[in-house]
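Structure data (compact mmCIF, C-alpha atoms) from final28.txt:
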```
# COMPACT_ATOMS: atom_id res chain seq x y z
CA MET B 1 -24.23 3.96 14.00
CA LYS B 2 -21.80 1.22 13.00
CA ARG B 3 -18.19 1.97 13.88
CA GLY B 4 -15.49 2.12 11.23
CA TYR B 5 -13.59 -0.91 12.47
CA LEU B 6 -13.53 -3.69 15.02
CA VAL B 7 -10.88 -6.09 16.24
CA LYS B 8 -11.59 -9.82 16.18
CA GLU B 9 -8.89 -11.99 17.74
CA ASP B 10 -5.70 -10.72 16.10
CA THR B 11 -7.32 -9.20 13.01
CA ILE B 12 -8.49 -5.63 12.41
CA ILE B 13 -11.73 -5.65 10.45
CA ILE B 14 -12.56 -2.51 8.49
CA GLU B 15 -16.32 -2.06 8.08
CA ARG B 16 -16.59 -1.06 4.45
CA SER B 17 -17.01 -2.54 0.99
CA LEU B 18 -14.16 -3.04 -1.50
CA THR B 19 -12.99 -0.26 -3.79
CA LYS B 20 -11.49 -0.81 -7.25
CA LEU B 21 -8.08 -0.24 -5.67
CA ASP B 22 -8.70 -3.01 -3.12
CA LYS B 23 -9.78 -5.37 -5.90
CA PHE B 24 -6.59 -4.62 -7.83
CA VAL B 25 -4.40 -5.33 -4.78
CA LYS B 26 -6.38 -8.46 -3.95
CA GLU B 27 -5.94 -9.80 -7.47
CA PHE B 28 -2.17 -9.29 -7.23
CA LEU B 29 -2.00 -10.88 -3.78
CA ASP B 30 -4.05 -13.87 -4.89
CA VAL B 31 -1.19 -14.71 -7.25
CA LEU B 32 1.73 -13.64 -5.06
CA LYS B 33 0.54 -15.56 -1.98
CA LYS B 34 0.85 -18.83 -3.90
CA HIS B 35 4.58 -18.19 -4.28
CA SER B 36 5.79 -15.98 -1.46
CA ASP B 37 5.20 -14.18 1.79
CA TYR B 38 4.73 -10.37 1.65
CA LEU B 39 3.84 -7.22 3.59
CA ILE B 40 1.78 -4.29 2.31
CA VAL B 41 3.28 -1.00 3.53
CA SER B 42 3.02 2.77 3.21
CA GLY B 43 0.14 4.69 1.57
CA PHE B 44 -2.21 1.77 1.00
CA VAL B 45 -2.24 1.05 4.75
CA SER B 46 -3.73 4.49 5.39
CA ILE B 47 -6.04 4.40 2.37
CA ALA B 48 -7.34 0.92 3.22
CA THR B 49 -8.25 2.19 6.68
CA GLY B 50 -10.10 5.24 5.46
CA ARG B 51 -7.69 7.99 4.46
CA THR B 52 -9.40 9.82 1.63
CA ARG B 53 -6.72 10.36 -0.96
CA GLY B 54 -5.69 8.88 -4.27
CA THR B 55 -2.58 6.87 -5.01
CA GLU B 56 -0.84 5.52 -8.06
CA ASP B 57 1.19 2.81 -6.43
CA VAL B 58 0.89 0.24 -3.69
CA ASP B 59 4.12 -0.77 -1.98
CA ILE B 60 4.65 -4.41 -1.16
CA LEU B 61 7.70 -5.92 0.54
CA VAL B 62 8.67 -9.34 -0.77
CA PRO B 63 11.63 -11.39 0.50
CA ILE B 64 14.26 -12.04 -2.15
CA MET B 65 13.60 -15.43 -3.73
CA ASP B 66 15.76 -17.64 -5.92
CA LYS B 67 15.66 -17.40 -9.69
CA ILE B 68 13.52 -20.50 -10.27
CA LYS B 69 10.91 -19.34 -7.76
CA PHE B 70 10.83 -15.92 -9.35
CA GLN B 71 10.36 -17.46 -12.80
CA GLU B 72 7.33 -19.37 -11.53
CA LEU B 73 5.87 -16.29 -9.86
CA TYR B 74 6.41 -14.14 -12.94
CA LYS B 75 4.85 -16.75 -15.21
CA ASP B 76 1.75 -16.67 -13.03
CA LEU B 77 1.66 -12.87 -12.77
CA GLN B 78 1.94 -12.47 -16.55
CA LYS B 79 -1.54 -13.96 -16.97
CA LYS B 80 -3.06 -10.72 -15.64
CA PHE B 81 -0.26 -8.20 -15.13
CA TRP B 82 2.62 -6.62 -17.03
CA CYS B 83 5.87 -5.27 -15.63
CA TYR B 84 7.12 -1.74 -16.33
CA GLN B 85 10.79 -2.75 -16.23
CA GLY B 86 10.89 -5.53 -18.81
CA GLU B 87 9.57 -8.69 -20.37
CA THR B 88 11.76 -11.63 -19.50
CA SER B 89 12.15 -13.27 -16.16
CA ASP B 90 15.94 -13.10 -16.55
CA GLU B 91 16.08 -9.34 -17.02
CA LEU B 92 13.63 -8.75 -14.17
CA TYR B 93 15.54 -11.03 -11.83
CA ASN B 94 18.53 -8.68 -12.13
CA TYR B 95 16.41 -6.06 -10.36
CA ILE B 96 15.61 -8.52 -7.59
CA GLN B 97 19.27 -9.37 -7.11
CA ASN B 98 20.16 -5.67 -6.93
CA LYS B 99 17.30 -5.06 -4.48
CA GLU B 100 15.63 -2.68 -6.91
CA SER B 101 11.86 -2.38 -7.16
CA LEU B 102 9.70 -3.72 -9.97
CA ARG B 103 6.32 -2.29 -10.84
CA PHE B 104 3.36 -4.34 -12.03
CA ALA B 105 0.08 -3.05 -13.44
CA LYS B 106 -2.93 -4.82 -14.94
CA LYS B 107 -2.57 -5.64 -18.64
CA ASN B 108 -3.36 -2.65 -20.85
CA GLU B 109 -3.41 -0.35 -17.83
CA MET B 110 -0.83 2.02 -16.39
CA PHE B 111 -2.11 2.79 -12.91
CA PRO B 112 -2.45 1.72 -10.22
CA ASN B 113 0.72 -0.33 -9.96
CA MET B 114 2.19 -2.65 -7.36
CA GLU B 115 5.67 -1.58 -6.36
CA PHE B 116 7.34 -4.90 -5.63
CA VAL B 117 10.18 -4.13 -3.18
CA PRO B 118 12.68 -6.99 -2.73
CA ILE B 119 14.00 -7.23 0.81
CA ASP B 120 16.39 -9.28 2.88
CA GLN B 121 17.85 -8.92 6.36
CA SER B 122 20.25 -6.20 5.21
CA ARG B 123 17.30 -3.80 4.92
CA LYS B 124 16.82 -3.76 8.65
CA LEU B 125 13.71 -1.61 9.08
CA LYS B 126 11.90 -3.21 6.21
CA PHE B 127 12.82 -6.64 7.45
CA PHE B 128 11.69 -5.73 10.96
CA GLU B 129 8.21 -4.66 9.87
CA PHE B 130 7.98 -7.66 7.56
CA SER B 131 8.72 -9.93 10.55
CA ASN B 132 6.01 -8.33 12.73
CA PRO B 133 2.86 -8.36 10.62
CA GLN B 134 -0.62 -7.22 11.60
CA LYS B 135 -3.60 -8.88 9.90
CA ILE B 136 -6.32 -6.70 8.46
CA LYS B 137 -9.55 -7.64 6.69
CA ILE B 138 -12.05 -5.84 4.48
CA LYS B 139 -14.92 -8.16 3.52
CA ASN B 140 -13.20 -11.21 1.94
CA PHE B 141 -9.91 -9.38 1.39
CA GLU B 142 -7.38 -10.24 4.09
CA PHE B 143 -3.80 -8.98 4.00
CA LYS B 144 -0.83 -8.14 6.19
CA ILE B 145 0.44 -4.71 7.16
CA PRO B 146 3.11 -3.49 9.63
CA PRO B 147 2.21 -2.88 13.27
CA LEU B 148 0.17 0.35 13.35
CA GLU B 149 2.57 2.09 15.73
CA PHE B 150 5.51 1.24 13.46
CA GLU B 151 3.72 2.53 10.38
CA ILE B 152 2.82 5.79 12.16
CA LEU B 153 6.36 6.40 13.44
CA TYR B 154 7.94 5.51 10.10
CA LYS B 155 5.85 8.21 8.44
CA GLU B 156 6.51 10.73 11.21
CA LEU B 157 10.22 10.12 11.74
CA ILE B 158 11.58 8.89 8.41
CA LEU B 159 9.33 9.98 5.54
CA LYS B 160 8.05 13.26 7.07
CA GLY B 161 6.37 14.57 3.88
CA GLU B 162 3.06 16.42 4.09
CA LYS B 163 1.18 13.41 2.75
CA ASP B 164 2.97 11.09 5.18
CA LEU B 165 2.21 13.25 8.21
CA ALA B 166 -1.45 13.39 7.20
CA ASP B 167 -1.48 9.59 6.83
CA ALA B 168 0.08 9.25 10.29
CA LYS B 169 -2.49 11.63 11.79
CA HIS B 170 -5.27 9.57 10.24
CA LEU B 171 -3.89 6.32 11.67
CA ARG B 172 -3.35 7.88 15.13
CA THR B 173 -6.91 9.19 15.21
CA PHE B 174 -8.75 6.29 13.60
CA PHE B 175 -7.03 3.65 15.74
CA SER B 176 -6.59 5.72 18.92
CA GLU B 177 -8.27 3.04 21.06
CA ILE B 178 -5.96 0.21 20.04
CA ILE B 179 -2.54 1.76 19.50
CA LYS B 180 -0.25 1.26 22.46
CA GLU B 181 2.27 3.66 23.99
CA GLU B 182 4.67 0.83 24.87
CA ASN B 183 4.76 -0.18 21.21
CA PHE B 184 5.57 3.38 20.18
CA MET B 185 8.51 3.36 22.59
CA LYS B 186 9.74 -0.02 21.36
CA TYR B 187 9.46 0.81 17.66
CA LYS B 188 10.87 4.32 18.02
CA GLU B 189 14.08 2.82 19.30
CA VAL B 190 14.27 0.39 16.36
CA ILE B 191 13.53 3.13 13.82
CA LEU B 192 16.01 5.63 15.22
CA GLU B 193 18.72 2.98 15.44
CA ASN B 194 18.27 1.83 11.83
CA GLY B 195 16.68 4.83 10.13
CA ASN B 196 19.70 5.57 7.96
CA GLN B 197 19.72 2.12 6.39
CA ASN B 198 16.04 1.47 5.76
CA MET A 1 -16.64 11.50 21.08
CA GLU A 2 -17.10 15.09 19.98
CA ILE A 3 -13.96 16.77 18.67
CA LYS A 4 -13.61 20.30 19.95
CA ILE A 5 -10.86 21.58 17.70
CA LYS A 6 -11.58 24.37 15.28
CA PRO A 7 -9.98 23.26 11.99
CA LYS A 8 -7.18 25.53 10.84
CA THR A 9 -4.70 23.25 9.12
CA ASN A 10 -4.94 20.33 6.72
CA LEU A 11 -4.00 18.01 9.60
CA ASN A 12 -6.93 19.34 11.66
CA TYR A 13 -9.31 18.37 8.87
CA VAL A 14 -7.69 14.93 8.55
CA GLU A 15 -8.16 14.42 12.29
CA ILE A 16 -11.80 15.44 12.29
CA TYR A 17 -12.65 13.29 9.30
CA SER A 18 -10.82 10.25 10.72
CA GLN A 19 -12.67 10.65 14.01
CA LYS A 20 -16.03 10.83 12.26
CA LEU A 21 -15.16 7.84 10.07
CA LYS A 22 -14.27 5.82 13.14
CA GLU A 23 -17.67 6.60 14.65
CA ASN A 24 -19.69 6.03 11.51
CA SER A 25 -18.69 3.50 8.87
CA LYS A 26 -21.25 4.92 6.42
CA LEU A 27 -18.76 7.67 5.62
CA PHE A 28 -16.58 5.11 3.85
CA SER A 29 -18.91 5.43 0.86
CA GLN A 30 -17.47 8.91 0.14
CA GLN A 31 -13.95 7.52 0.17
CA LYS A 32 -14.99 4.70 -2.15
CA SER A 33 -16.41 7.17 -4.70
CA LEU A 34 -13.19 9.19 -4.74
CA ILE A 35 -10.90 6.18 -5.15
CA ASN A 36 -13.04 4.54 -7.81
CA SER A 37 -13.31 7.73 -9.81
CA GLN A 38 -9.52 8.21 -9.70
CA ILE A 39 -9.02 4.73 -11.15
CA LYS A 40 -11.67 5.29 -13.81
CA SER A 41 -10.04 8.57 -14.89
CA SER A 42 -6.61 6.97 -15.04
CA LYS A 43 -7.94 4.18 -17.28
CA SER A 44 -9.45 6.62 -19.76
CA LEU A 45 -6.28 8.76 -19.76
CA PHE A 46 -4.16 5.94 -21.21
CA LYS A 47 -6.76 4.33 -23.48
CA HIS A 48 -5.11 5.79 -26.59
CA PHE A 49 -1.96 3.74 -25.86
CA GLY A 50 -3.68 0.78 -27.51
CA LYS A 51 -3.57 -2.82 -26.33
CA GLY A 52 -1.11 -5.66 -25.84
CA GLU A 53 2.44 -5.11 -27.11
CA LYS A 54 1.53 -1.70 -28.53
CA PHE A 55 0.28 -0.59 -25.11
CA LYS A 56 3.46 -1.71 -23.37
CA GLN A 57 5.64 0.01 -25.96
CA ASN A 58 3.78 3.32 -25.56
CA ALA A 59 3.57 2.94 -21.80
CA ARG A 60 7.32 2.37 -21.41
CA GLN A 61 8.07 5.36 -23.60
CA TYR A 62 5.79 7.48 -21.39
CA LEU A 63 7.29 6.06 -18.20
CA LYS A 64 10.80 6.87 -19.42
CA GLY A 65 9.65 10.39 -20.19
CA VAL A 66 8.38 10.91 -16.64
CA LYS A 67 11.45 9.08 -15.24
CA LEU A 68 9.42 6.32 -13.60
CA ILE A 69 11.65 3.73 -15.23
```
Re-express the file's structure as structure tokens.
Amino acid sequence: MKRGYLVKEDTIIIERSLTKLDKFVKEFLDVLKKHSDYLIVSGFVSIATGRTRGTEDVDILVPIMDKIKFQELYKDLQKKFWCYQGETSDELYNYIQNKESLRFAKKNEMFPNMEFVPIDQSRKLKFFEFSNPQKIKIKNFEFKIPPLEFEILYKELILKGEKDLADAKHLRTFFSEIIKEENFMKYKEVILENGNQN
Amino acid sequence: MEIKIKPKTNLNYVEIYSQKLKENSKLFSQQKSLINSQIKSSKSLFKHFGKGEKFKQNARQYLKGVKLI
């Protein structure tokens, strides 16, 4: 029997084919990567690694960019996606400045959507995970997620919902051979110190 | 590795399934079916919103109604 995942150098490789959800995220990232760095967080991390549940949105952290850069990104995204919050780059940039999320879906479709979360150093936990990415690959789809131990603790200590605890249990079990106790200790401290200003 | 817990809670089932998935990647095909069918259903649910500008107009009205925007 072939195992569910393997680790090659610094990349976790999940041994499965792409779902429609993966293809949607990949299409968005193919555009975004040309303009900005990013980190995929939350539910999609668990789903991409085998958690069997549906989702309507995929959360992605994106560092706040200047207005011109955002205009260029939005122009590119508009070829395939539409934004829930508005039409013009100017009105959408107000959300970015206020650190409010934007949601993008494929043209003529409602779900799934990418929740584009603007971050800077003031959002300490988000900036921390963004600065410590883990590479993951499914076939030809490579993307970045938080360290597994961080993702697990964030769900257990901050989010704590039923769905989040189940996601954390999945990650703990599926990756039991590669998660490290010392990382749990290190990240727990960071999360507890900054949990109220995530 | 054989899991010896007797499932009682939702988390027990999650644990057992994740363990089996780790040992046998063929089980991913079940997950793929579920995710793909969710996306297919969602597409058909909003088909009547039309296309292009009409779609966006209807979609935003719906999203306001469910307080997503």
Do me a favour and pick out the residues of chain B within 7 Å of chain A, using all atoms listed in the file, as number ranges by chain.
B: 1-5, 15-16, 19-20, 50, 52, 54, 84-85, 108-109, 111, 166, 169-170, 173-174
Just the number, please: distance in Å from atom CA of B:Val62 to atom CA of B:Pro112, one decimal.
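Computed distance, atom CA of B:Val62 to atom CA of B:Pro112, equals 18.3 Å.
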For stretch 64-70 of chain B, work out the shell of residues within 12 Å, counting all atoms listed in the file and skipping chain neighbours fewer than 5 positions away, then give it as number ranges by chain.
B: 32, 34-38, 75-78, 88-101, 116-123, 127
Using the selection just defined, write its residues with C-alpha atoms as a PDB file, in the coordinates of the input.
```
ATOM      1  CA  LEU B  32       1.730 -13.640  -5.060  1.00  0.00           C
ATOM      2  CA  LYS B  34       0.850 -18.830  -3.900  1.00  0.00           C
ATOM      3  CA  HIS B  35       4.580 -18.190  -4.280  1.00  0.00           C
ATOM      4  CA  SER B  36       5.790 -15.980  -1.460  1.00  0.00           C
ATOM      5  CA  ASP B  37       5.200 -14.180   1.790  1.00  0.00           C
ATOM      6  CA  TYR B  38       4.730 -10.370   1.650  1.00  0.00           C
ATOM      7  CA  LYS B  75       4.850 -16.750 -15.210  1.00  0.00           C
ATOM      8  CA  ASP B  76       1.750 -16.670 -13.030  1.00  0.00           C
ATOM      9  CA  LEU B  77       1.660 -12.870 -12.770  1.00  0.00           C
ATOM     10  CA  GLN B  78       1.940 -12.470 -16.550  1.00  0.00           C
ATOM     11  CA  THR B  88      11.760 -11.630 -19.500  1.00  0.00           C
ATOM     12  CA  SER B  89      12.150 -13.270 -16.160  1.00  0.00           C
ATOM     13  CA  ASP B  90      15.940 -13.100 -16.550  1.00  0.00           C
ATOM     14  CA  GLU B  91      16.080  -9.340 -17.020  1.00  0.00           C
ATOM     15  CA  LEU B  92      13.630  -8.750 -14.170  1.00  0.00           C
ATOM     16  CA  TYR B  93      15.540 -11.030 -11.830  1.00  0.00           C
ATOM     17  CA  ASN B  94      18.530  -8.680 -12.130  1.00  0.00           C
ATOM     18  CA  TYR B  95      16.410  -6.060 -10.360  1.00  0.00           C
ATOM     19  CA  ILE B  96      15.610  -8.520  -7.590  1.00  0.00           C
ATOM     20  CA  GLN B  97      19.270  -9.370  -7.110  1.00  0.00           C
ATOM     21  CA  ASN B  98      20.160  -5.670  -6.930  1.00  0.00           C
ATOM     22  CA  LYS B  99      17.300  -5.060  -4.480  1.00  0.00           C
ATOM     23  CA  GLU B 100      15.630  -2.680  -6.910  1.00  0.00           C
ATOM     24  CA  SER B 101      11.860  -2.380  -7.160  1.00  0.00           C
ATOM     25  CA  PHE B 116       7.340  -4.900  -5.630  1.00  0.00           C
ATOM     26  CA  VAL B 117      10.180  -4.130  -3.180  1.00  0.00           C
ATOM     27  CA  PRO B 118      12.680  -6.990  -2.730  1.00  0.00           C
ATOM     28  CA  ILE B 119      14.000  -7.230   0.810  1.00  0.00           C
ATOM     29  CA  ASP B 120      16.390  -9.280   2.880  1.00  0.00           C
ATOM     30  CA  GLN B 121      17.850  -8.920   6.360  1.00  0.00           C
ATOM     31  CA  SER B 122      20.250  -6.200   5.210  1.00  0.00           C
ATOM     32  CA  ARG B 123      17.300  -3.800   4.920  1.00  0.00           C
ATOM     33  CA  PHE B 127      12.820  -6.640   7.450  1.00  0.00           C
TER      34      PHE B 127
END
```
Between atom CA of B:Lys160 and atom CA of B:Glu142, what is the spacing in Å?
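Those two atoms sit 28.3 Å apart.
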In Å, how far is it from atom CA of B:Leu165 to atom CA of B:Ile47?
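So the answer is 13.4 Å.
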Please return the centre and edge lengths, in Å to one decimal, of a box with edges along x, y and z that contains all listed atoms of stretch 92-96 of chain B, widened by 5 Å on every side, as AutoDock Vina command-line options.
```
--center_x 16.1 --center_y -8.5 --center_z -10.9 --size_x 14.9 --size_y 15.0 --size_z 16.6
```
Neighbours of B:Asn140 within 10 Å (only C-alpha atoms; same-chain residues fewer than 4 positions away dropped), as a list in words?
Ser17, Leu18 and Lys26 of chain B
